[in-house]
Amino acid sequence: MPAAAAQGGLSRPGAHSAAGASMAGSWRAKAQAGGMLLALLGWVSSCVTTFVPLWKSLNLDLNELEVWTMGLWQVCIAREEGVVECRAHGSFLALPPELRVSRLLMCLSNGLGLLGALLAAPGLEGWTPCEDKPGLKRRLLLAGGAAFGTAGMATLAPVSWVAYNTVLDFWDNTVPDIVPRWEFGEATFLGWFAGAFLAAGGLLLACSARATRAPTPPVPACRQPPARGHHPLPKPADLVI
């Protein structure tokens with residue numbers, strides 16, 4: 001009876017450690033799945049923000065049937081009949097500084113988002129090709145999370161810069177009130193959400209990689225002491241004839 005109790009007491013720490021490892025693995029898998037989903041959603045939104053001509057909008061008081069919109073690549077006019085006419089910007093050097101820098105940063109963000117997806121995917125839990133290399137999976141997750149986070153910063157910076165200049169131009173007292181003012185477009189808000197999703201997804205992936213540990217070898221079972229009152233049998237060499 002004491003021996004059985006001793007065996008039960010010795011088995012409890014192993015059971016607790018196995019349950020803890022299972023819970024940690026489940027948390028890592030959920031964090032990685034959520035981070036990857038957020039990052040991919042942010043990357044797609046960032047690509048849409050880059051190419052849609054909706055960074056700024058302008059409503060003409062003299063002609064309310066027309067709505068002007070501007071993006072990084074073209075200017076469009078939407079009329080009441082449903083006709084939309086777009087014209088590309090004439091020259092890259094003729095653009096305002098914020099639009100030129102925004103083009104470069106948004107393209108950089110799209111490239112970093114794609115790179116982050118390619119790096120982080122093999123490091124996710126359940127990816128069989130790298131299952132026997134936990135150190136490599138951890139490094140891939142860290143690199144993918146860093147790429148997603150950098151892509152988020154590269155998205156937030158140009159969108160915020162263009163929004164800041166739009167606010168300054170809107171409240172410029174040197175411009176007569178009769179002159180129409182540019183306002184925020186839908187792509188401005190989409191870009192803010194895209195940058196936040198990219199940064200949050202990269203942070204989740206990096207945190208899940210930091211929590212990953214290499215599997216520890218199993219602890220050898222302790223030898224049970226002999227039961228009380230039990231005497232070991234003598235060896236054949238110790239028998240006296």
# chains A, B, ... in the order shown; residues from 1 in each chain; ligands from 1

$ closest_atom_pairs --of "region 99-161 of chain A" --to "region 63-86 of chain A" --cutoff "12 Å" --atoms "only C-alpha atoms" --output "JSON lines"
{"residue": "A:Leu99", "atom": "CA", "partner": "A:Leu72", "partner_atom": "CA", "distance": 6.1}
{"residue": "A:Arg100", "atom": "CA", "partner": "A:Leu72", "partner_atom": "CA", "distance": 8.0}
{"residue": "A:Val101", "atom": "CA", "partner": "A:Leu72", "partner_atom": "CA", "distance": 9.9}
{"residue": "A:Ser102", "atom": "CA", "partner": "A:Leu72", "partner_atom": "CA", "distance": 7.4}
{"residue": "A:Arg103", "atom": "CA", "partner": "A:Leu72", "partner_atom": "CA", "distance": 6.3}
{"residue": "A:Leu104", "atom": "CA", "partner": "A:Leu72", "partner_atom": "CA", "distance": 10.1}
{"residue": "A:Leu105", "atom": "CA", "partner": "A:Leu72", "partner_atom": "CA", "distance": 11.2}
{"residue": "A:Met106", "atom": "CA", "partner": "A:Leu72", "partner_atom": "CA", "distance": 9.5}
{"residue": "A:Cys107", "atom": "CA", "partner": "A:Leu72", "partner_atom": "CA", "distance": 10.9}
{"residue": "A:Pro158", "atom": "CA", "partner": "A:Leu72", "partner_atom": "CA", "distance": 10.6}
{"residue": "A:Val159", "atom": "CA", "partner": "A:Leu72", "partner_atom": "CA", "distance": 10.7}

$ write_last_selection --atoms "all heavy atoms" --output "short mmCIF file (atom, residue, chain, number, x, y, z; two decimals), in the first residue's frame"
data_model
loop_
_atom_site.label_atom_id
_atom_site.label_comp_id
_atom_site.auth_asym_id
_atom_site.auth_seq_id
_atom_site.Cartn_x
_atom_site.Cartn_y
_atom_site.Cartn_z
N LEU A 99 3.35 62.74 -51.22
CA LEU A 99 2.88 61.70 -52.13
C LEU A 99 4.03 60.89 -52.70
O LEU A 99 3.91 59.68 -52.90
CB LEU A 99 2.07 62.33 -53.26
CG LEU A 99 0.73 62.97 -52.87
CD1 LEU A 99 -0.02 63.45 -54.10
CD2 LEU A 99 -0.13 62.00 -52.08
N ARG A 100 5.15 61.54 -52.96
CA ARG A 100 6.30 60.78 -53.46
C ARG A 100 6.81 59.79 -52.42
O ARG A 100 7.07 58.62 -52.73
CB ARG A 100 7.41 61.75 -53.87
CG ARG A 100 7.18 62.46 -55.19
CD ARG A 100 8.32 63.38 -55.53
NE ARG A 100 8.40 64.52 -54.61
CZ ARG A 100 9.33 65.46 -54.66
NH1 ARG A 100 10.29 65.39 -55.55
NH2 ARG A 100 9.30 66.47 -53.81
N VAL A 101 6.97 60.26 -51.19
CA VAL A 101 7.45 59.37 -50.13
C VAL A 101 6.40 58.29 -49.83
O VAL A 101 6.74 57.13 -49.55
CB VAL A 101 7.78 60.19 -48.87
CG1 VAL A 101 8.20 59.27 -47.73
CG2 VAL A 101 8.89 61.18 -49.17
N SER A 102 5.13 58.64 -49.92
CA SER A 102 4.08 57.66 -49.65
C SER A 102 4.09 56.54 -50.67
O SER A 102 3.86 55.37 -50.32
CB SER A 102 2.71 58.35 -49.65
OG SER A 102 2.63 59.30 -48.61
N ARG A 103 4.36 56.86 -51.93
CA ARG A 103 4.47 55.81 -52.93
C ARG A 103 5.55 54.80 -52.55
O ARG A 103 5.33 53.58 -52.58
CB ARG A 103 4.80 56.42 -54.28
CG ARG A 103 3.61 56.94 -55.07
CD ARG A 103 4.06 57.28 -56.48
NE ARG A 103 3.00 57.86 -57.29
CZ ARG A 103 3.14 58.15 -58.57
NH1 ARG A 103 4.30 57.93 -59.19
NH2 ARG A 103 2.13 58.66 -59.26
N LEU A 104 6.71 55.31 -52.20
CA LEU A 104 7.84 54.41 -51.88
C LEU A 104 7.54 53.59 -50.62
O LEU A 104 7.79 52.37 -50.60
CB LEU A 104 9.11 55.23 -51.70
CG LEU A 104 9.57 56.03 -52.92
CD1 LEU A 104 10.79 56.87 -52.58
CD2 LEU A 104 9.87 55.10 -54.09
N LEU A 105 7.01 54.23 -49.59
CA LEU A 105 6.77 53.51 -48.34
C LEU A 105 5.64 52.49 -48.48
O LEU A 105 5.72 51.39 -47.90
CB LEU A 105 6.44 54.50 -47.23
CG LEU A 105 7.60 55.36 -46.73
CD1 LEU A 105 7.14 56.31 -45.63
CD2 LEU A 105 8.74 54.49 -46.21
N MET A 106 4.62 52.81 -49.23
CA MET A 106 3.53 51.84 -49.41
C MET A 106 3.98 50.64 -50.22
O MET A 106 3.61 49.50 -49.91
CB MET A 106 2.33 52.51 -50.06
CG MET A 106 1.63 53.55 -49.19
SD MET A 106 1.04 52.90 -47.61
CE MET A 106 -0.24 51.77 -48.17
N CYS A 107 4.79 50.86 -51.25
CA CYS A 107 5.33 49.72 -52.00
C CYS A 107 6.26 48.88 -51.12
O CYS A 107 6.25 47.64 -51.19
CB CYS A 107 6.07 50.22 -53.23
SG CYS A 107 5.00 50.96 -54.49
N PRO A 158 3.13 56.98 -43.99
CA PRO A 158 2.66 57.83 -45.09
C PRO A 158 1.19 58.24 -44.96
O PRO A 158 0.83 59.36 -45.31
CB PRO A 158 2.88 56.95 -46.33
CG PRO A 158 2.88 55.56 -45.83
CD PRO A 158 3.49 55.63 -44.46
N VAL A 159 0.35 57.32 -44.46
CA VAL A 159 -1.07 57.67 -44.30
C VAL A 159 -1.23 58.81 -43.30
O VAL A 159 -1.99 59.76 -43.52
CB VAL A 159 -1.87 56.42 -43.88
CG1 VAL A 159 -3.31 56.80 -43.57
CG2 VAL A 159 -1.85 55.37 -44.98
#

$ residues_around --residues "Ala143 (chain A)" --least-positions-apart "6" --cutoff "9 Å" --atoms "only C-alpha atoms" --output "PDB file with all heavy atoms, in the first residue's frame"
ATOM      1  N   GLY A 116       6.941  38.752 -44.968  1.00  0.00           N
ATOM      2  CA  GLY A 116       6.562  38.255 -43.653  1.00  0.00           C
ATOM      3  C   GLY A 116       5.670  37.028 -43.725  1.00  0.00           C
ATOM      4  O   GLY A 116       5.811  36.098 -42.932  1.00  0.00           O
ATOM      5  N   LEU A 119       7.839  34.025 -44.608  1.00  0.00           N
ATOM      6  CA  LEU A 119       8.721  33.600 -43.520  1.00  0.00           C
ATOM      7  C   LEU A 119       7.948  32.972 -42.364  1.00  0.00           C
ATOM      8  O   LEU A 119       8.392  31.980 -41.776  1.00  0.00           O
ATOM      9  CB  LEU A 119       9.522  34.796 -43.009  1.00  0.00           C
ATOM     10  CG  LEU A 119      10.626  35.337 -43.919  1.00  0.00           C
ATOM     11  CD1 LEU A 119      11.237  36.595 -43.327  1.00  0.00           C
ATOM     12  CD2 LEU A 119      11.707  34.283 -44.152  1.00  0.00           C
ATOM     13  N   ALA A 120       6.800  33.558 -42.033  1.00  0.00           N
ATOM     14  CA  ALA A 120       6.072  33.090 -40.852  1.00  0.00           C
ATOM     15  C   ALA A 120       5.300  31.805 -41.100  1.00  0.00           C
ATOM     16  O   ALA A 120       5.087  31.036 -40.156  1.00  0.00           O
ATOM     17  CB  ALA A 120       5.101  34.181 -40.379  1.00  0.00           C
ATOM     18  N   ALA A 206       5.527  37.332 -32.958  1.00  0.00           N
ATOM     19  CA  ALA A 206       6.801  37.422 -32.241  1.00  0.00           C
ATOM     20  C   ALA A 206       6.655  36.922 -30.804  1.00  0.00           C
ATOM     21  O   ALA A 206       7.544  36.230 -30.286  1.00  0.00           O
ATOM     22  CB  ALA A 206       7.311  38.865 -32.264  1.00  0.00           C
TER      23      ALA A 206
END

$ closest_residue --among "A:Leu60, A:Val52, A:Ile178, A:Leu41" --to "Gly113 (chain A)" --atoms "only C-alpha atoms"
A:Leu41

$ atom_distance --atom1 "CA of Ala194 (chain A)" --atom2 "CA of Ser109 (chain A)"
10.4 Å

$ select_by_dssp --residues "region 39-155 of chain A" --states "helix (DSSP H, G or I)" --output "VMD selection string"
chain A and resid 39 to 51 97 to 123 128 to 130 134 to 155

$ atom_distance --atom1 "CA of Gly191 (chain A)" --atom2 "CA of Gly149 (chain A)"
14.4 Å

$ select_by_dssp --residues "region 15-163 of chain A" --states "strand (DSSP E)" --output "list in words"
Lys56, Ser57, Leu58, Asn59, Glu66, Val67, Trp68, Thr69, Met70, Gln74, Val75, Cys76, Ile77, Ala78, Arg79, Val84, Glu85, Cys86, Arg87 and Ala88 of chain A

$ write_last_selection --atoms "N, CA, C and O atoms" --output "short mmCIF file (atom, residue, chain, number, x, y, z; two decimals), in the first residue's frame"
data_model
loop_
_atom_site.label_atom_id
_atom_site.label_comp_id
_atom_site.auth_asym_id
_atom_site.auth_seq_id
_atom_site.Cartn_x
_atom_site.Cartn_y
_atom_site.Cartn_z
N LYS A 56 -7.80 61.31 -50.84
CA LYS A 56 -8.42 62.60 -50.57
C LYS A 56 -9.69 62.72 -51.40
O LYS A 56 -9.81 62.12 -52.47
N SER A 57 -10.63 63.52 -50.89
CA SER A 57 -11.87 63.77 -51.63
C SER A 57 -12.15 65.27 -51.60
O SER A 57 -11.79 65.97 -50.64
N LEU A 58 -12.81 65.74 -52.66
CA LEU A 58 -13.09 67.17 -52.82
C LEU A 58 -14.49 67.34 -53.40
O LEU A 58 -14.79 66.78 -54.47
N ASN A 59 -15.33 68.07 -52.70
CA ASN A 59 -16.68 68.38 -53.17
C ASN A 59 -16.72 69.84 -53.59
O ASN A 59 -16.40 70.74 -52.80
N GLU A 66 -20.29 66.72 -59.06
CA GLU A 66 -18.98 66.13 -59.28
C GLU A 66 -18.26 65.96 -57.94
O GLU A 66 -18.32 66.84 -57.08
N VAL A 67 -17.59 64.83 -57.81
CA VAL A 67 -16.77 64.54 -56.63
C VAL A 67 -15.38 64.16 -57.10
O VAL A 67 -15.23 63.21 -57.88
N TRP A 68 -14.39 64.91 -56.65
CA TRP A 68 -13.01 64.65 -57.02
C TRP A 68 -12.36 63.79 -55.94
O TRP A 68 -12.55 64.04 -54.74
N THR A 69 -11.60 62.81 -56.37
CA THR A 69 -10.83 61.97 -55.45
C THR A 69 -9.41 61.85 -55.95
O THR A 69 -9.16 61.87 -57.16
N MET A 70 -8.48 61.74 -55.01
CA MET A 70 -7.05 61.66 -55.35
C MET A 70 -6.41 60.49 -54.63
O MET A 70 -6.73 60.21 -53.46
N GLN A 74 -3.30 58.45 -59.29
CA GLN A 74 -4.19 59.12 -60.23
C GLN A 74 -5.22 59.97 -59.50
O GLN A 74 -5.40 59.85 -58.28
N VAL A 75 -5.87 60.82 -60.28
CA VAL A 75 -6.97 61.67 -59.81
C VAL A 75 -8.21 61.27 -60.59
O VAL A 75 -8.15 61.10 -61.82
N CYS A 76 -9.36 61.14 -59.90
CA CYS A 76 -10.59 60.70 -60.54
C CYS A 76 -11.71 61.71 -60.28
O CYS A 76 -11.71 62.40 -59.25
N ILE A 77 -12.64 61.77 -61.24
CA ILE A 77 -13.82 62.62 -61.12
C ILE A 77 -15.03 61.72 -61.29
O ILE A 77 -15.19 61.05 -62.31
N ALA A 78 -15.88 61.70 -60.26
CA ALA A 78 -17.12 60.91 -60.30
C ALA A 78 -18.30 61.85 -60.51
O ALA A 78 -18.51 62.78 -59.72
N ARG A 79 -19.05 61.62 -61.57
CA ARG A 79 -20.20 62.45 -61.88
C ARG A 79 -21.49 61.74 -61.47
O ARG A 79 -21.49 60.55 -61.16
N VAL A 84 -17.09 57.67 -64.15
CA VAL A 84 -15.87 58.00 -63.40
C VAL A 84 -14.73 58.13 -64.39
O VAL A 84 -14.43 57.19 -65.15
N GLU A 85 -14.10 59.26 -64.39
CA GLU A 85 -12.95 59.52 -65.25
C GLU A 85 -11.70 59.68 -64.38
O GLU A 85 -11.71 60.45 -63.42
N CYS A 86 -10.66 58.96 -64.74
CA CYS A 86 -9.41 58.99 -63.97
C CYS A 86 -8.27 59.42 -64.87
O CYS A 86 -8.23 59.07 -66.06
N ARG A 87 -7.34 60.14 -64.28
CA ARG A 87 -6.17 60.58 -65.00
C ARG A 87 -4.95 60.39 -64.11
O ARG A 87 -4.96 60.79 -62.94
N ALA A 88 -3.91 59.77 -64.66
CA ALA A 88 -2.70 59.52 -63.89
C ALA A 88 -1.94 60.81 -63.64
O ALA A 88 -2.04 61.77 -64.41
#

$ closest_residue --among "A:Leu112, A:Leu190, A:Leu203, A:Leu198" --to "Val48 (chain A)" --atoms "only C-alpha atoms"
A:Leu190

$ atom_distance --atom1 "CA of Trp27 (chain A)" --atom2 "CA of Trp127 (chain A)"
16.1 Å

$ residues_around --residues "Glu125 (chain A)" --least-positions-apart "5" --cutoff "9 Å" --atoms "only C-alpha atoms" --output "PyMOL selection string"
chain A and resi 25+28-29+32-33+131+137

$ write_last_selection --atoms "N, CA and C atoms" --output "mmCIF file, in the first residue's frame"
data_model
loop_
_atom_site.group_PDB
_atom_site.id
_atom_site.type_symbol
_atom_site.label_atom_id
_atom_site.label_comp_id
_atom_site.auth_asym_id
_atom_site.auth_seq_id
_atom_site.Cartn_x
_atom_site.Cartn_y
_atom_site.Cartn_z
ATOM 1 N N GLY A 25 1.164 24.739 -25.636
ATOM 2 C CA GLY A 25 1.110 24.517 -27.077
ATOM 3 C C GLY A 25 -0.180 25.007 -27.685
ATOM 4 N N ARG A 28 0.022 28.817 -27.919
ATOM 5 C CA ARG A 28 0.887 29.233 -29.021
ATOM 6 C C ARG A 28 0.188 29.072 -30.362
ATOM 7 N N ALA A 29 -0.522 27.970 -30.533
ATOM 8 C CA ALA A 29 -1.212 27.738 -31.801
ATOM 9 C C ALA A 29 -2.300 28.787 -32.036
ATOM 10 N N GLN A 32 -0.605 32.185 -32.803
ATOM 11 C CA GLN A 32 -0.052 32.203 -34.157
ATOM 12 C C GLN A 32 -1.140 32.308 -35.210
ATOM 13 N N ALA A 33 -2.235 31.580 -35.010
ATOM 14 C CA ALA A 33 -3.336 31.656 -35.980
ATOM 15 C C ALA A 33 -3.957 33.050 -35.997
ATOM 16 N N GLU A 131 8.842 20.434 -38.715
ATOM 17 C CA GLU A 131 8.406 19.997 -37.394
ATOM 18 C C GLU A 131 9.563 19.500 -36.547
ATOM 19 N N LYS A 137 12.015 26.947 -36.676
ATOM 20 C CA LYS A 137 10.652 27.467 -36.669
ATOM 21 C C LYS A 137 10.568 28.741 -35.831
#

$ decode --residues "region 122-140 of chain A" --atoms "N, CA, C and O atoms" --output "compact mmCIF listing (two decimals), in the first residue's frame"
# COMPACT_ATOMS: atom_id res chain seq x y z
N PRO A 122 6.08 28.85 -42.59
CA PRO A 122 6.72 27.59 -42.18
C PRO A 122 6.96 27.48 -40.68
O PRO A 122 7.19 26.38 -40.18
N GLY A 123 6.91 28.59 -39.95
CA GLY A 123 7.14 28.53 -38.51
C GLY A 123 5.90 28.31 -37.68
O GLY A 123 6.00 28.22 -36.45
N LEU A 124 4.73 28.20 -38.31
CA LEU A 124 3.50 28.00 -37.56
C LEU A 124 3.42 26.59 -37.00
O LEU A 124 4.02 25.65 -37.53
N GLU A 125 2.67 26.46 -35.90
CA GLU A 125 2.45 25.14 -35.31
C GLU A 125 1.68 24.26 -36.29
O GLU A 125 0.69 24.68 -36.90
N GLY A 126 2.14 23.03 -36.45
CA GLY A 126 1.48 22.10 -37.36
C GLY A 126 2.05 22.09 -38.76
O GLY A 126 1.59 21.32 -39.60
N TRP A 127 3.05 22.94 -39.03
CA TRP A 127 3.70 22.91 -40.35
C TRP A 127 4.68 21.76 -40.37
O TRP A 127 5.73 21.78 -39.75
N THR A 128 4.34 20.70 -41.10
CA THR A 128 5.09 19.45 -41.02
C THR A 128 6.52 19.51 -41.57
O THR A 128 7.39 18.82 -41.03
N PRO A 129 6.84 20.26 -42.65
CA PRO A 129 8.21 20.19 -43.16
C PRO A 129 9.28 20.59 -42.16
O PRO A 129 10.39 20.10 -42.21
N CYS A 130 8.97 21.51 -41.22
CA CYS A 130 9.96 21.97 -40.25
C CYS A 130 9.63 21.51 -38.84
O CYS A 130 10.07 22.12 -37.86
N GLU A 131 8.84 20.43 -38.71
CA GLU A 131 8.41 20.00 -37.39
C GLU A 131 9.56 19.50 -36.55
O GLU A 131 9.54 19.64 -35.32
N ASP A 132 10.60 18.94 -37.17
CA ASP A 132 11.72 18.41 -36.41
C ASP A 132 12.81 19.45 -36.16
O ASP A 132 13.89 19.10 -35.67
N LYS A 133 12.55 20.73 -36.48
CA LYS A 133 13.54 21.79 -36.28
C LYS A 133 12.90 22.94 -35.51
O LYS A 133 12.52 23.96 -36.09
N PRO A 134 12.73 22.80 -34.20
CA PRO A 134 12.06 23.85 -33.43
C PRO A 134 12.82 25.17 -33.42
O PRO A 134 12.23 26.25 -33.40
N GLY A 135 14.16 25.10 -33.44
CA GLY A 135 14.93 26.33 -33.47
C GLY A 135 14.72 27.12 -34.74
O GLY A 135 14.59 28.36 -34.73
N LEU A 136 14.66 26.43 -35.87
CA LEU A 136 14.42 27.10 -37.15
C LEU A 136 13.01 27.68 -37.21
O LEU A 136 12.82 28.81 -37.71
N LYS A 137 12.02 26.95 -36.68
CA LYS A 137 10.65 27.47 -36.67
C LYS A 137 10.57 28.74 -35.83
O LYS A 137 9.87 29.70 -36.20
N ARG A 138 11.27 28.77 -34.73
CA ARG A 138 11.24 29.96 -33.87
C ARG A 138 11.87 31.15 -34.57
O ARG A 138 11.35 32.26 -34.52
N ARG A 139 12.98 30.94 -35.24
CA ARG A 139 13.62 32.04 -35.96
C ARG A 139 12.77 32.54 -37.12
O ARG A 139 12.71 33.74 -37.40
N LEU A 140 12.10 31.61 -37.81
CA LEU A 140 11.23 32.03 -38.90
C LEU A 140 10.05 32.85 -38.40
O LEU A 140 9.65 33.84 -39.02
